[in-house]
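Right, one structure below, let's go through it.
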There are 2 protein chains.
Amino acid sequence: MGLIVQKYGGTSVKDAERVMNVARRITDAYKAGNNVVVAVSAQGDTTDDLIEKAKEINPNASKREMDMLLSTGEQISISLLAMAIEKIGCPVISLTGWQAGVKTDAKYGAARISTIDTERLQAELDKKNIVIVAGFQGINKYDDITTLGRGGSDTSAVALAAALHADVCEIYTDVDGVYTADPRFVKNAYKLDDISYDEMLELASLGANVLHNRSVEMAKKYGVKLSVRSSLNNNEGTYVKEVEQVEKMLVRGVTRDNDVARIALCGVEDTPGKAFSVFRMLAKHGISVDLIIQSIGNGEKKDISFTVTEEDLQPVLDLLEENKAIVKADEVKWTKDVSKVSIVGAGMVNNSGVAATMFEALYDAHININMIATSEIKISVLVDRKDAEAAVVAIHDKFLLK
Amino acid sequence: MGLIVQKYGGTSVKDAERVMNVARRITDAYKAGNNVVVAVSAQGDTTDDLIEKAKEINPNASKREMDMLLSTGEQISISLLAMAIEKIGCPVISLTGWQAGVKTDAKYGAARISTIDTERLQAELDKKNIVIVAGFQGINKYDDITTLGRGGSDTSAVALAAALHADVCEIYTDVDGVYTADPRFVKNAYKLDDISYDEMLELASLGANVLHNRSVEMAKKYGVKLSVRSSLNNNEGTYVKEVEQVEKMLVRGVTRDNDVARIALCGVEDTPGKAFSVFRMLAKHGISVDLIIQSIGNGEKKDISFTVTEEDLQPVLDLLEENKAIVKADEVKWTKDVSKVSIVGAGMVNNSGVAATMFEALYDAHININMIATSEIKISVLVDRKDAEAAVVAIHDKFLLK
């Protein structure tokens, strides 16, 4: 008995059979006596197909018109899902983003939800309707349709849960929950029962691909309890919430991120502020730099290495070439054959032995470490891509063997 | 220099090439110094594909959810068309039905436009934007999306033209204009330069398939001058307007309608009000009866024949069976092998010789007439379907040879 917000991704509603399956799941929750609000993504490849259609006509279409186009994907999903629920015989209504009162800023293509005006939503819940809301979209102050960008439907669901003070926000996906490592290559990996918001944030940004960062940030901010679970079975998922660290588990998960490229500026003048001037130049062009190391200079020359996403590699190389006068390096080297392997755990902050144990695991597995970065709740190392899976397994089994 | 409303149907925007073609047409009108507002239908088979998707999930989906689904078709068209215009380099904005202020009643699937709140439209025109509006759709007082039913985009265009006091409403279609008869089988048929609203209404309802009736009714009511023309060439089309009958052309067009079935009630009791009771029963079930004849009764029995659309045939037969007590016919006969051939022309009302000339044309062509109906501006006859094309040719060449 409560208010549940559920979110289903594109693969969960990709065809008629999956839509019916999701409809049964929703009506089961409703028949158990809950109020149910559902956020849905566009079916399967719909969004990609629409982007393709647009590109054929104008590869440089305005973001405003792209949002007008792409928002139809979710509108199709919500109506089909509502029809499936009608078939089961439960009262239901679908609402677009604007009908559901989802207000955003005006940044087309990557809008942020500012508020949710819950009047209509509340009225439909009062009528005992199941409410199906188009994820990923909202409306700005000009009454124009906006989309929220990648992972937007997760954010829609969390925002709805926050605005309606839902008891839980269930994120249905194609995995069972959050694992200690990728079970596809770590055979000892297991599902976590719960995880804190901060840990989830690190895991998400490190490539766990379960929940989008922005949705976790919002859940943390408004104290929305998340449940990550599979739409294909009835297994208990993983709860994301403020975890009281009862068992003091140091490390909660090991991740690998292949979307990384390393750039080395060799033989840079060793003058104060040199590194700063390079990174300021990159930041000015919207490039996010991740790991950074510089060699200890000898007063004349030093080396600076840093990592960026693969997508940013070419733009960075171009920028370095254009700004030779600032950079003044003898040589620029780069490689994509690297991976970032990280351990995440809120318990690490007060335990200095964790890093040493991680390095020991890699040493025992004969894996070379290129770069290292640490934060309060994570430690990342850069390794050769060929070593990445072995590194994850070695670290996982060192810390997380059950 | 004025305000032009244009309407493009689904075949005119069915693929990227056609969309670009339409975009050029629109920008040509804009570059000539006009304000341009455009109503667009869904691309090609989009609506049918969406209906198919819905049926797969729930063949009895509510009309409210069907409208939510189908309205995405036009939303896709308007955004793609706006992108094409952006590519050409003209300022443009697409608006859904609700954004364009198109208010309707709450009859989902066949809503009627009640008013158009032109505030947003006017603001966009003031900014010198070309405005692309989703046809076929509006919003009701519950803030829910409605669709206007068949031919809805024509109605949208005319309503926009009326609300904005446009100088002309150009309906682009895949024919050059309104012809004196179907040029596919009447080789002497030719395009009319202009035609009155009333004549167009009769032609539309008689199967000319150029303009939807409701849009012509609305154009007449608000005095919107229509121009029917092809989106594939630059030929002058046909104007639909209040025509001053200068040349007193008696007959303006000959049409054939195959969507007709004849039902005969043989041996009905010849008592006063018998026919009335049958037709009242049919009307109560939403059946529109077109032509009606009854034989002169002999005081005991008579025959009543009438026509309905093919779609209504089976429901009518079922109703007659269920209501045997009211109908009391010895036998019910029916056939679909009939066609309705009609001549239309505002000049006929004061000229009693027209009907005689029409019958003479049919007599000369050895075509038998089953039923006859006349109104102020049209005369319809029912003939065997096999004779229909020959009947149209014979009548056309009798009245309309140039």
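Ligands are numbered from 1 in the order shown, chains are lettered A, B, ... in the order of the structure tokens, and residues start at 1 in each chain.
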Within 10 Å of chain B, which residues of chain A are there when counting only C-alpha atoms? Please give them as a count of residues only.
-> 54
Which of region 5-183 of chain A DSSP labels alpha helix (DSSP H), written as a ChimeraX atom specification | /A:16-31,46-57,63-88,119-126,152-163
Which residues come within 6 Å of Ile263 (chain B), counting only C-alpha atoms, excluding same-chain residues fewer than 3 positions away, as a PyMOL selection string?
-> chain B and resi 305-306+333-334
Output C-alpha atoms for every residue in that selection, as a PDB file, in the first residue's frame.
ATOM      1  CA  SER B 305     -35.210   0.169 -51.950  1.00  0.00           C
ATOM      2  CA  PHE B 306     -32.418   2.252 -50.524  1.00  0.00           C
ATOM      3  CA  LYS B 333     -32.479  -8.517 -51.337  1.00  0.00           C
ATOM      4  CA  TRP B 334     -29.148  -6.722 -51.630  1.00  0.00           C
TER       5      TRP B 334
END
Write out as number ranges by chain which residues come within 10 Å of Ala163 (chain B) when counting only C-alpha atoms, dropping same-chain ones fewer than 6 positions away.
-> B: 115-118, 157, 222, 224
Just write the chosen residues, N, CA and C atoms, as a short mmCIF file (atom, residue, chain, number, x, y, z; two decimals), in the first residue's frame.
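In the end it all went to again35.cif:
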data_model
loop_
_atom_site.label_atom_id
_atom_site.label_comp_id
_atom_site.auth_asym_id
_atom_site.auth_seq_id
_atom_site.Cartn_x
_atom_site.Cartn_y
_atom_site.Cartn_z
N THR B 115 -12.31 26.35 -31.41
CA THR B 115 -11.69 27.65 -31.67
C THR B 115 -10.20 27.44 -31.91
N ILE B 116 -9.57 28.46 -32.47
CA ILE B 116 -8.11 28.46 -32.51
C ILE B 116 -7.64 29.71 -31.77
N ASP B 117 -6.87 29.47 -30.72
CA ASP B 117 -6.30 30.58 -29.96
C ASP B 117 -5.01 30.98 -30.67
N THR B 118 -5.03 32.10 -31.38
CA THR B 118 -3.94 32.41 -32.33
C THR B 118 -2.75 33.12 -31.69
N ALA B 157 -6.17 23.08 -41.86
CA ALA B 157 -5.68 24.17 -42.71
C ALA B 157 -6.74 25.26 -42.87
N TYR B 222 -16.75 30.46 -43.20
CA TYR B 222 -15.88 31.59 -42.88
C TYR B 222 -15.38 32.33 -44.11
N VAL B 224 -13.41 31.32 -46.52
CA VAL B 224 -12.00 31.10 -46.83
C VAL B 224 -11.86 30.65 -48.28
#
